[in-house]
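Some notes on the structure that comes next.
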Amino acid sequence: MNSANNLDDIRALKEKIAVLERENSSLREIAFNKQQVTADCSFAPESVLDHKGPLVKRFTENEGLFKNLFFETLDGIVFWGKCGKIFAANEATCKIFGLTIEELLKYKISDFIYRKDEKYSEMKQILKEEGALREQTFFLLPSGEKKLLEFTVKLNAGDGYNMTIVRDISDRYRMEQKLRKSEERFRKIFEGSIEGMILWDENCNFYEINPSGMEYLELAAEDPGERNFRKLFTRLGIPDDEIGERKESLLRKGRLDGRMTIQFKEGRMKHFEYTVKHHLVDKLNLIIFRNITEKVEMEAQLRKSDTLNILGELAAGIAHEIRNPMTALKGFIQLLESSTGDAYSLYFQVITTELQRIESIINEFLILAKPQAIKYIHTDIKKIMRETVDLLTAQAVLHDVQFKTIYDNDLPELLCEPNQLKKVFINIIKNAIEVMPKGGYVTVTISPAPGDRIHITIRDEGEGIPAEKVKKLGEPFYTTKERGTGLGLMVSFKIIEEHGGSIEVESEVGHGTAFHIYLPLQKETV
């Protein structure tokens with residue numbers, strides 16, 4: 001009986017102790033809630049449950065879990081109550097905010113938000129509606145330093161507390177900003193460069209070209225829609241084998257320099273100088289190219305000028321050394337012709353004709369030798385052309401060639417040297433007659449041209465000249481005729497150039513050739 005009475009006494013005692021503990025717990029809860037109630041409940045809606053016991057005590061019941069998930073994590077972990085008051089944080093949080101745990105516990109989580117603007121209001125609304133939030137924003141620390149923090153908030157994470165995990169991404173943000181600025185600088189250089197630039201990948205599946213490059217290569221805005229690098233140059237007429245060879249050379253050397261010529265519409269040729277760098281950045285290759293067409297043409301003109309200078313020096317000596325014996329030969333031929341009668345008249349005629357041809361060649365050399373003393377006068381260009389056509393009519397009839405002349409009625413007078421222009425017209429029209437052995441028409445037109453110029457066209461119906469030979473017309477000693485010297489056209493080009501004009505040759509095999517001569521009404525420098 002005594003034993004049973006003792007057990008009843010112990011059970012009753014335990015029940016009293018349990019009641020006292022519950023009352024004590026309720027008193028602690030009421031006291032805690034009074035301390036936590038403040039004016040600002042920023043991140044915690046009213047629906048969140050109150051705090052129900054020391055959080056750290058719960059963690060310490062499992063030392064391993066507390067150590068691994070709270071103390072040793074690199075991210076900051078903050079626990080806060082109903083009105084945002086912080087009541088627990090790990091060492092990583094203290095390090096991020098630059099505060100001791102005692103100092104940190106005096107703040108609410110919302111105290112650190114840098115700008116409580118529209119974005120802040122949106123975050124609060126999302127948190128209220130969804131109970132969770134993942135965002136990044138700037139936090140202002142007590143030291144005055146601003147940090148960009150990435151954070152995740154979970155309301156009512158357990159036992160009435162709320163949890164925020166923060167990570168400092170300020171360094172990453174600064175690096176991203178630096179990379180973004182670097183990319184912007186590169187983009188400005190890429191887009192604004194006066195040289196063409198193309199970025200392309202290793203497999204030639206993608207390329208990006210800047211505006212200057214599009215202009216040089218005459219690409220329309222829609223052309224880059226096809227982003228295959230190899231197809232781009234195939235469309236420009238570069239053989240696929242040549243592209244492959246240059247790519248292999250780039251892989252071996254890491255850098256490639258060279259020149260390339262591309263033919264565009266209407267047979268126009270453009271010359272480019274390029275540099276290719278392998279794997280400049282992110283396995284992308286870079287081509288920098290520039291249009292050097294004017295430079296190439298100037299180099300060709302310089303080479304031609306050097307040849308003319310050499311010819312000029314030779315011409316002075318030839319004129320002196322040949323003209324004297326030529327005079328003696330002509331005199332003795334005349335004496336022999338008069339003493340022998342008509343028996344050898346045909347021979348003497350051939351000799352005299354050939355001597356005249358030699359003298360004509362010497363005179364053409366003399367024109368190249370030095371600038372002539374020329375007197376420019378205002379002259380009717382139609383009058384000069386009529387005299388030239390009348391002079392060559394007899395030769396044209398022998399070749400069964402006829403003239404068609406079309407002259408504009410209201411042409412102003414031209415400042416020129418008439419005899420020199422007549423020499424140009426004779427050279428070109430004689431060539432036109434000689435390239436039509438079966439006869440045909442030589443069409444001569446004179447009309448005004450834009451820019452206060454006169455346009456003269458001399459067109460034949462011959463066999464035409466291939467494109468590669470047209471480019472060489474006017475070069476010293478280049479001729480398409482069997483007995484020609486090439487000096488006639490060279491002298492003609494020089495005369496027109498001295499008049500401030502230009503000559504353009506248009507020819508198509510099987511359809512004849514046209515010489516377009518442009519002359520200014522007033523010569524700028526005499």
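Ligands are numbered from 1 in the order shown, residues from 1 within each chain, and chains are lettered A, B, ... in the order they appear in the structure tokens.
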inquiry  = Excluding A:Asn210 and its own-chain neighbours fewer than 4 positions away, which residues fall within 10 Å of it when counting only C-alpha atoms? Please give them as a ChimeraX atom specification.
reply    = /A:187,189-199,214-215
Those residues with all heavy atoms, as a compact mmCIF listing (two decimals), in the first residue's frame please?
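Full text of part_37.txt as output:
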# COMPACT_ATOMS: atom_id res chain seq x y z
N ARG A 187 32.81 47.22 -78.45
CA ARG A 187 31.72 47.37 -79.40
C ARG A 187 31.79 48.71 -80.12
O ARG A 187 31.56 48.80 -81.33
CB ARG A 187 30.38 47.24 -78.65
CG ARG A 187 29.13 47.45 -79.48
CD ARG A 187 29.00 46.46 -80.58
NE ARG A 187 29.02 45.08 -80.13
CZ ARG A 187 29.00 44.04 -80.96
NH1 ARG A 187 28.98 44.24 -82.27
NH2 ARG A 187 29.01 42.81 -80.48
N ILE A 189 34.54 50.46 -80.65
CA ILE A 189 35.67 50.38 -81.59
C ILE A 189 35.26 49.56 -82.81
O ILE A 189 35.53 49.94 -83.96
CB ILE A 189 36.89 49.75 -80.89
CG1 ILE A 189 37.42 50.68 -79.80
CG2 ILE A 189 38.00 49.45 -81.90
CD1 ILE A 189 38.49 50.06 -78.93
N PHE A 190 34.58 48.43 -82.56
CA PHE A 190 34.17 47.53 -83.64
C PHE A 190 33.21 48.23 -84.58
O PHE A 190 33.36 48.18 -85.81
CB PHE A 190 33.54 46.28 -83.02
CG PHE A 190 33.17 45.23 -84.02
CD1 PHE A 190 34.13 44.38 -84.54
CD2 PHE A 190 31.84 45.07 -84.43
CE1 PHE A 190 33.78 43.39 -85.46
CE2 PHE A 190 31.49 44.09 -85.34
CZ PHE A 190 32.47 43.25 -85.86
N GLU A 191 32.20 48.89 -84.00
CA GLU A 191 31.18 49.53 -84.83
C GLU A 191 31.69 50.80 -85.50
O GLU A 191 31.27 51.12 -86.61
CB GLU A 191 29.95 49.86 -83.98
CG GLU A 191 29.24 48.65 -83.37
CD GLU A 191 28.53 47.80 -84.40
OE1 GLU A 191 28.30 48.32 -85.51
OE2 GLU A 191 28.23 46.63 -84.11
N GLY A 192 32.58 51.53 -84.83
CA GLY A 192 33.01 52.83 -85.35
C GLY A 192 34.29 52.82 -86.14
O GLY A 192 34.69 53.85 -86.68
N SER A 193 34.95 51.68 -86.25
CA SER A 193 36.23 51.61 -86.96
C SER A 193 36.05 51.91 -88.44
O SER A 193 35.07 51.49 -89.07
CB SER A 193 36.85 50.22 -86.79
OG SER A 193 38.02 50.10 -87.58
N ILE A 194 37.00 52.65 -89.01
CA ILE A 194 36.94 52.94 -90.45
C ILE A 194 37.45 51.75 -91.26
O ILE A 194 37.32 51.72 -92.48
CB ILE A 194 37.76 54.20 -90.80
CG1 ILE A 194 39.25 54.01 -90.44
CG2 ILE A 194 37.19 55.42 -90.13
CD1 ILE A 194 40.13 55.14 -90.91
N GLU A 195 38.05 50.78 -90.59
CA GLU A 195 38.51 49.57 -91.25
C GLU A 195 37.47 48.47 -91.07
O GLU A 195 36.75 48.42 -90.07
CB GLU A 195 39.86 49.13 -90.68
CG GLU A 195 40.96 50.14 -90.94
CD GLU A 195 42.31 49.68 -90.40
OE1 GLU A 195 42.30 48.77 -89.54
OE2 GLU A 195 43.34 50.21 -90.83
N GLY A 196 37.39 47.58 -92.03
CA GLY A 196 36.46 46.48 -91.95
C GLY A 196 36.91 45.46 -90.92
O GLY A 196 38.11 45.18 -90.80
N MET A 197 35.98 44.94 -90.13
CA MET A 197 36.29 43.91 -89.13
C MET A 197 35.26 42.79 -89.21
O MET A 197 34.07 43.05 -89.36
CB MET A 197 36.26 44.50 -87.71
CG MET A 197 37.39 45.46 -87.41
SD MET A 197 37.35 45.97 -85.66
CE MET A 197 38.77 47.08 -85.61
N ILE A 198 35.76 41.56 -89.12
CA ILE A 198 34.88 40.39 -89.09
C ILE A 198 35.32 39.48 -87.97
O ILE A 198 36.49 39.08 -87.91
CB ILE A 198 34.91 39.62 -90.43
CG1 ILE A 198 34.54 40.52 -91.61
CG2 ILE A 198 33.95 38.42 -90.36
CD1 ILE A 198 34.63 39.83 -92.95
N LEU A 199 34.40 39.16 -87.07
CA LEU A 199 34.64 38.16 -86.02
C LEU A 199 33.98 36.86 -86.46
O LEU A 199 32.81 36.88 -86.88
CB LEU A 199 34.03 38.61 -84.69
CG LEU A 199 34.85 39.57 -83.82
CD1 LEU A 199 34.00 40.09 -82.68
CD2 LEU A 199 36.10 38.91 -83.28
N MET A 214 30.78 45.98 -94.09
CA MET A 214 29.63 45.80 -94.96
C MET A 214 29.69 46.77 -96.15
O MET A 214 29.35 46.40 -97.27
CB MET A 214 28.34 46.02 -94.18
CG MET A 214 28.05 44.94 -93.16
SD MET A 214 26.43 45.14 -92.35
CE MET A 214 25.33 44.88 -93.74
N GLU A 215 30.16 47.98 -95.89
CA GLU A 215 30.27 48.97 -96.97
C GLU A 215 31.35 48.56 -97.96
O GLU A 215 31.15 48.63 -99.18
CB GLU A 215 30.59 50.34 -96.37
CG GLU A 215 30.67 51.45 -97.41
CD GLU A 215 30.99 52.81 -96.81
OE1 GLU A 215 30.98 52.91 -95.56
OE2 GLU A 215 31.26 53.75 -97.57
Can you pull out every residue within 7 Å of A:Arg459, counting only C-alpha atoms, but drop anything in the same chain fewer than 6 positions away, and send it as a CSV table (one decimal) with N, CA, C and O atoms, in the first residue's frame?
chain,number,residue,atom,x,y,z
A,442,VAL,N,32.0,54.1,-138.0
A,442,VAL,CA,32.6,54.8,-136.9
A,442,VAL,C,31.7,55.9,-136.5
A,442,VAL,O,31.4,56.8,-137.3
A,443,THR,N,31.2,55.8,-135.3
A,443,THR,CA,30.2,56.7,-134.8
A,443,THR,C,30.9,57.7,-133.8
A,443,THR,O,31.5,57.3,-132.8
A,444,VAL,N,30.8,59.0,-134.2
A,444,VAL,CA,31.4,60.1,-133.3
A,444,VAL,C,30.3,60.9,-132.8
A,444,VAL,O,29.5,61.5,-133.5
A,513,THR,N,34.4,48.6,-129.8
A,513,THR,CA,35.0,49.4,-128.7
A,513,THR,C,34.6,50.9,-128.8
A,513,THR,O,34.4,51.4,-129.9
A,514,ALA,N,34.4,51.5,-127.6
A,514,ALA,CA,34.1,52.9,-127.5
A,514,ALA,C,35.1,53.6,-126.6
A,514,ALA,O,35.4,53.2,-125.5
A,515,PHE,N,35.7,54.7,-127.1
A,515,PHE,CA,36.5,55.6,-126.4
A,515,PHE,C,35.7,56.8,-125.9
A,515,PHE,O,35.2,57.5,-126.7
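Closest approach to A:Ile517 among A:Ser249, A:Thr405, A:Thr73, A:Thr457 is made by A:Thr457 (distances from only C-alpha atoms).
Between atom CA of A:Leu148 and atom CA of A:Asp171 there is a distance of 8.7 Å.
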request  = Write out as number ranges by chain which residues come within 10 Å of A:Asp380 when counting only C-alpha atoms, dropping same-chain ones fewer than 5 positions away.
outcome  = A: 385, 411-416, 418
message = Just to confirm, what's the straight-line distance from atom CA of A:Lys270 to atom CA of A:Ile428 in Å (one decimal)?
response = 28.9 Å
ask   = In stretch 109-173 of chain A, what's strand (DSSP E or B) per DSSP? Answer as a ChimeraX atom specification?
value = /A:113,132-140,146-158,161-168
Could those residues be written to a file, using N, CA, C and O atoms, as a short mmCIF file (atom, residue, chain, number, x, y, z; two decimals), in the first residue's frame?
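Saved result, again-v5.cif, follows:
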data_model
loop_
_atom_site.label_atom_id
_atom_site.label_comp_id
_atom_site.auth_asym_id
_atom_site.auth_seq_id
_atom_site.Cartn_x
_atom_site.Cartn_y
_atom_site.Cartn_z
N ILE A 113 18.42 48.00 -45.92
CA ILE A 113 18.06 48.22 -47.33
C ILE A 113 18.46 49.64 -47.73
O ILE A 113 18.09 50.61 -47.08
N ALA A 132 7.79 33.78 -49.96
CA ALA A 132 9.21 33.53 -50.27
C ALA A 132 9.65 34.54 -51.33
O ALA A 132 8.84 35.06 -52.11
N LEU A 133 10.96 34.81 -51.35
CA LEU A 133 11.49 35.80 -52.28
C LEU A 133 12.96 35.51 -52.56
O LEU A 133 13.72 35.17 -51.66
N ARG A 134 13.33 35.65 -53.83
CA ARG A 134 14.75 35.57 -54.21
C ARG A 134 15.06 36.79 -55.06
O ARG A 134 14.46 37.00 -56.10
N GLU A 135 15.98 37.60 -54.60
CA GLU A 135 16.25 38.87 -55.27
C GLU A 135 17.67 39.31 -54.95
O GLU A 135 18.40 38.65 -54.21
N GLN A 136 18.06 40.42 -55.54
CA GLN A 136 19.33 41.06 -55.18
C GLN A 136 19.13 42.57 -55.16
O GLN A 136 18.38 43.12 -55.96
N THR A 137 19.75 43.23 -54.20
CA THR A 137 19.64 44.68 -54.08
C THR A 137 20.82 45.20 -53.26
O THR A 137 21.59 44.41 -52.69
N PHE A 138 20.96 46.50 -53.25
CA PHE A 138 22.06 47.11 -52.50
C PHE A 138 21.67 47.27 -51.04
O PHE A 138 20.57 47.70 -50.71
N PHE A 139 22.62 46.91 -50.15
CA PHE A 139 22.46 47.08 -48.71
C PHE A 139 23.44 48.15 -48.25
O PHE A 139 24.60 48.17 -48.70
N LEU A 140 23.00 49.03 -47.38
CA LEU A 140 23.86 50.07 -46.82
C LEU A 140 24.27 49.65 -45.41
O LEU A 140 23.43 49.51 -44.52
N LYS A 146 28.45 50.39 -49.33
CA LYS A 146 27.34 49.77 -50.04
C LYS A 146 27.78 48.41 -50.56
O LYS A 146 28.86 48.29 -51.12
N LYS A 147 26.92 47.43 -50.39
CA LYS A 147 27.22 46.10 -50.92
C LYS A 147 25.99 45.58 -51.66
O LYS A 147 24.86 45.77 -51.23
N LEU A 148 26.28 44.91 -52.78
CA LEU A 148 25.21 44.26 -53.52
C LEU A 148 25.08 42.84 -52.98
O LEU A 148 26.02 42.05 -53.08
N LEU A 149 23.92 42.53 -52.40
CA LEU A 149 23.71 41.22 -51.81
C LEU A 149 22.60 40.49 -52.55
O LEU A 149 21.58 41.07 -52.91
N GLU A 150 22.86 39.23 -52.74
CA GLU A 150 21.84 38.35 -53.29
C GLU A 150 21.22 37.61 -52.10
O GLU A 150 21.95 37.09 -51.25
N PHE A 151 19.90 37.60 -52.01
CA PHE A 151 19.30 37.02 -50.82
C PHE A 151 18.06 36.21 -51.17
O PHE A 151 17.40 36.42 -52.18
N THR A 152 17.80 35.25 -50.28
CA THR A 152 16.60 34.43 -50.36
C THR A 152 15.87 34.54 -49.02
O THR A 152 16.48 34.37 -47.96
N VAL A 153 14.58 34.85 -49.06
CA VAL A 153 13.78 35.01 -47.84
C VAL A 153 12.71 33.92 -47.81
O VAL A 153 12.04 33.67 -48.82
N LYS A 154 12.56 33.29 -46.66
CA LYS A 154 11.50 32.31 -46.45
C LYS A 154 10.75 32.67 -45.18
O LYS A 154 11.32 32.68 -44.06
N LEU A 155 9.48 33.03 -45.32
CA LEU A 155 8.66 33.35 -44.15
C LEU A 155 8.19 32.07 -43.47
O LEU A 155 7.96 31.04 -44.12
N ASN A 156 8.03 32.14 -42.13
CA ASN A 156 7.53 31.02 -41.35
C ASN A 156 8.33 29.75 -41.65
O ASN A 156 7.79 28.69 -41.97
N ALA A 157 9.66 29.91 -41.60
CA ALA A 157 10.54 28.80 -41.91
C ALA A 157 10.42 27.68 -40.88
O ALA A 157 10.84 26.55 -41.12
N GLY A 158 9.86 27.96 -39.71
CA GLY A 158 9.64 26.94 -38.69
C GLY A 158 9.53 27.57 -37.32
O GLY A 158 10.27 28.50 -36.99
N TYR A 161 9.58 31.54 -36.85
CA TYR A 161 10.67 32.43 -37.24
C TYR A 161 10.77 32.49 -38.76
O TYR A 161 10.29 31.62 -39.48
N ASN A 162 11.41 33.56 -39.24
CA ASN A 162 11.62 33.77 -40.66
C ASN A 162 13.12 33.70 -40.94
O ASN A 162 13.94 34.07 -40.09
N MET A 163 13.48 33.26 -42.13
CA MET A 163 14.89 33.06 -42.43
C MET A 163 15.28 33.80 -43.71
O MET A 163 14.54 33.79 -44.71
N THR A 164 16.45 34.45 -43.66
CA THR A 164 17.03 35.10 -44.84
C THR A 164 18.46 34.59 -45.01
O THR A 164 19.24 34.61 -44.06
N ILE A 165 18.77 34.13 -46.24
CA ILE A 165 20.13 33.72 -46.58
C ILE A 165 20.71 34.77 -47.52
O ILE A 165 20.10 35.10 -48.55
N VAL A 166 21.86 35.33 -47.17
CA VAL A 166 22.46 36.42 -47.96
C VAL A 166 23.82 35.99 -48.47
O VAL A 166 24.54 35.22 -47.82
N ARG A 167 24.15 36.50 -49.64
CA ARG A 167 25.46 36.24 -50.24
C ARG A 167 25.99 37.54 -50.83
O ARG A 167 25.28 38.24 -51.55
N ASP A 168 27.23 37.86 -50.54
CA ASP A 168 27.86 39.08 -51.05
C ASP A 168 28.30 38.87 -52.50
O ASP A 168 29.17 38.04 -52.78
#
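Within 12 Å of A:Lys253, once only C-alpha atoms are used and residues closer than 5 positions along the same chain are dropped, the contacting residues are Arg246, Lys247, Glu248, Val276, Lys277, His278 and His279 of chain A.
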Store the residues of this selection in a file with C-alpha atoms, as a PDB file, in the first residue's frame.
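New file part_12.pdb:
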ATOM      1  CA  ARG A 246      44.265  30.229 -96.063  1.00  0.00           C
ATOM      2  CA  LYS A 247      42.468  28.781 -93.053  1.00  0.00           C
ATOM      3  CA  GLU A 248      45.039  25.970 -92.760  1.00  0.00           C
ATOM      4  CA  VAL A 276      43.822  37.702 -89.551  1.00  0.00           C
ATOM      5  CA  LYS A 277      44.404  36.829 -85.871  1.00  0.00           C
ATOM      6  CA  HIS A 278      43.634  33.300 -84.691  1.00  0.00           C
ATOM      7  CA  HIS A 279      41.768  32.874 -81.356  1.00  0.00           C
TER       8      HIS A 279
END
request  = Any chance you could list, as a list in words, the residues in stretch 488-519 of chain A that come up helix (DSSP H, G or I) when DSSP is run on the backbone?
outcome  = Gly488, Leu489, Met490, Val491, Ser492, Phe493, Lys494, Ile495, Ile496, Glu497 and Glu498 of chain A
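Straight-line separation from atom CA of A:Glu504 to atom CA of A:Phe272: 23.7 Å.
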